[in-house]
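Notes follow once the structure below has been shown.
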Amino acid sequence: GGSNRDSDARLDETAGLALAIGVEVVDRVHLRVRAPKPATLIGSGQVEQLATSVRQHEAQLAVFDAALTPVQQRNLETALEAKVIDRTGLILEIFGERAATAEGRLQVELAHLDYQAGRLVRSWTHLERQRGGFGFLGGPGETQIEADRRLIRDRMARLRRELEQVSRTRGLHRERRQRAPWPVIALVGYTNAGKSTLFNKLTGADVMAEDLLFATLDPTLRRIDLPGIDQAILSDTVGFVSDLPTQLVAAFKATLEEVVSADLLIHVRDIAHPDSEAQRADVEQVLEELGVGEGTPRFEAWNKLDLLDAERRDELLAEAERRDDVVAISALTGEGVDGLMEQVATKLTAGHRRYRI
Ligand code: GDP
């Protein structure tokens, strides 16, 4: 709940996120939480309902599309006899897996610690209230929690120093690249829109494996050949999700750094997704928050054309034909990808005359 999106779509999104880290989704259970239970969030009947599903499917993991306190998480794990994570935990997993740069990895670790620190405070307050009120000093739990918090604080301070160092180095890399007259093209878009599929289609599997300059930059940057343009660099980015937990915003921005300095943005959209319009709005909003202005040339790649029925397909193809900011493609089958390359070349030529064409 709590989202402006309808909860089925939210559940779909969460299932999509789980898929993105290689989790096989065997069941989705919709539970309405009227009065959140401190011990388990959901009611005991609902816990039983979940436990039955877990047993039936022999599931190893239960993902809650909600925020769980550590106490709730532990109790649910005992009751369900499965590992339990919440939405922030799930997104942290994804970021951890996808963070390709040293900076991105440090930001994710920082977010993880911040998340843990917040949970320590919450669980401590919670315990205190159970014990019967405030002013309870020197309790058995307190010193341990203080020690844990100090450890986390120290680790976070060290990570911040490392981050500063890494950001400086990265700044130098970027300067060096800016001196080289190669345009940078960034793929942006919602998680599961098809960015990686398109990235691989455009670059080929092992195009750049041995190119040292790029190898020192970032594994998600690749050179691509464009009609009439010497070289261009294509950058894959982490996917966007709705309602990003606040601890993750910095980590998210670090992974999106390439976007801010890109010469051209390709906004990849899953045009077959029922929530496609809302996803587009989310992505646009994040771009605005990142400070990517109207000045950066961009166009939309309407992806997954192959999933549409004939009527909808014709409709969208006709619209894409009329507009100069849309290309319709299937990253999977390769349909429309040549047209996309032409569009890239056109947009780069129009926006950036400094590149030799
Ligand atoms: P990303 O999260 O934006 O990088 O998305 P991925 O490239 O990982 O794609 C997400 C899922 O959509 C994968 O299962 C892809 O195989 C699938 N996919 C991507 N492009 C297409 C497409 O054009 N058609 C179809 N049918 N599936 C696609």
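Chain labels A, B, ... are given in the sequence in which chains occur in the structure tokens; within each chain residues are numbered consecutively from 1, and ligands are likewise numbered from 1 in the order shown.
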Residues within 6 Å of ligand 1, counting only C-alpha atoms and all ligand atoms: report them as a PDB file with C-alpha atoms, in the first residue's frame.
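Ended up saving to result21.pdb:
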```pdb
ATOM      1  CA  TYR A 190      12.921   1.261 -16.023  1.00  0.00           C
ATOM      2  CA  THR A 191      14.160  -2.044 -14.669  1.00  0.00           C
ATOM      3  CA  ASN A 192      13.308  -4.812 -17.157  1.00  0.00           C
ATOM      4  CA  ALA A 193      12.669  -2.375 -19.997  1.00  0.00           C
ATOM      5  CA  GLY A 194      15.365  -4.178 -21.998  1.00  0.00           C
ATOM      6  CA  LYS A 195      18.423  -1.923 -21.617  1.00  0.00           C
ATOM      7  CA  SER A 196      20.943  -4.745 -21.189  1.00  0.00           C
ATOM      8  CA  THR A 197      19.461  -6.666 -24.088  1.00  0.00           C
ATOM      9  CA  GLY A 239      17.335   0.355 -13.909  1.00  0.00           C
ATOM     10  CA  ASN A 303      10.950  -1.774 -26.961  1.00  0.00           C
ATOM     11  CA  LYS A 304       9.329  -5.233 -27.010  1.00  0.00           C
ATOM     12  CA  ASP A 306       7.315  -8.332 -30.707  1.00  0.00           C
ATOM     13  CA  LEU A 307       4.990  -8.743 -27.712  1.00  0.00           C
ATOM     14  CA  SER A 330      12.539  -5.207 -30.451  1.00  0.00           C
ATOM     15  CA  ALA A 331      15.892  -5.591 -28.750  1.00  0.00           C
ATOM     16  CA  LEU A 332      15.219  -9.312 -28.662  1.00  0.00           C
TER      17      LEU A 332
END
```
(message) My list of candidates is A:Thr296, A:Gln73, A:Gln343, A:Thr78. Which is closest to Ala262 in chain A when distances are computed with only C-alpha atoms?
(response)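 Nearest to Ala262 in chain A: A:Thr296.
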(message) For a quick check of understanding, using only C-alpha atoms, which of A:Arg313, A:Gly295, A:Met156, A:Asp148 has the smallest distance to Val108 in chain A?
(response)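 Once distances to Val108 in chain A are computed over only C-alpha atoms, the minimum belongs to A:Met156.
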(message) Just the number, please: distance in Å from CA of Gln116 in chain A to CA of Gly43 in chain A, one decimal.
(response)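 Computing the Euclidean distance for CA of Gln116 in chain A and CA of Gly43 in chain A yields 25.2 Å.
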(request) Find the spatial neighbours of Val188 in chain A, counting only C-alpha atoms, within a cut-off of 7 Å - ignore same-chain residues fewer than 3 positions away - and output them as a ChimeraX atom specification. (result) /A:237,265-268
Resulting file, chosen residues, C-alpha atoms, as a PDB file, in the first residue's frame:
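again-v5.pdb, freshly written:
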```pdb
ATOM      1  CA  THR A 237      22.952   1.972 -16.347  1.00  0.00           C
ATOM      2  CA  LEU A 265      20.086   9.670 -23.872  1.00  0.00           C
ATOM      3  CA  ILE A 266      18.149   6.700 -25.164  1.00  0.00           C
ATOM      4  CA  HIS A 267      15.161   6.128 -22.934  1.00  0.00           C
ATOM      5  CA  VAL A 268      14.343   2.439 -23.324  1.00  0.00           C
TER       6      VAL A 268
END
```
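Within the 10 Å cut-off around Leu50 in chain A, using only C-alpha atoms and omitting residues fewer than 4 positions from it on the same chain, the listed residues are A:Asp27, A:Arg28, A:Val29, A:His30, A:Leu31, A:Ser44, A:Gly45, A:Gln46, A:Val54, A:Arg55, A:Gln56, A:Ala62, A:Leu76, A:Ala79, A:Leu80.
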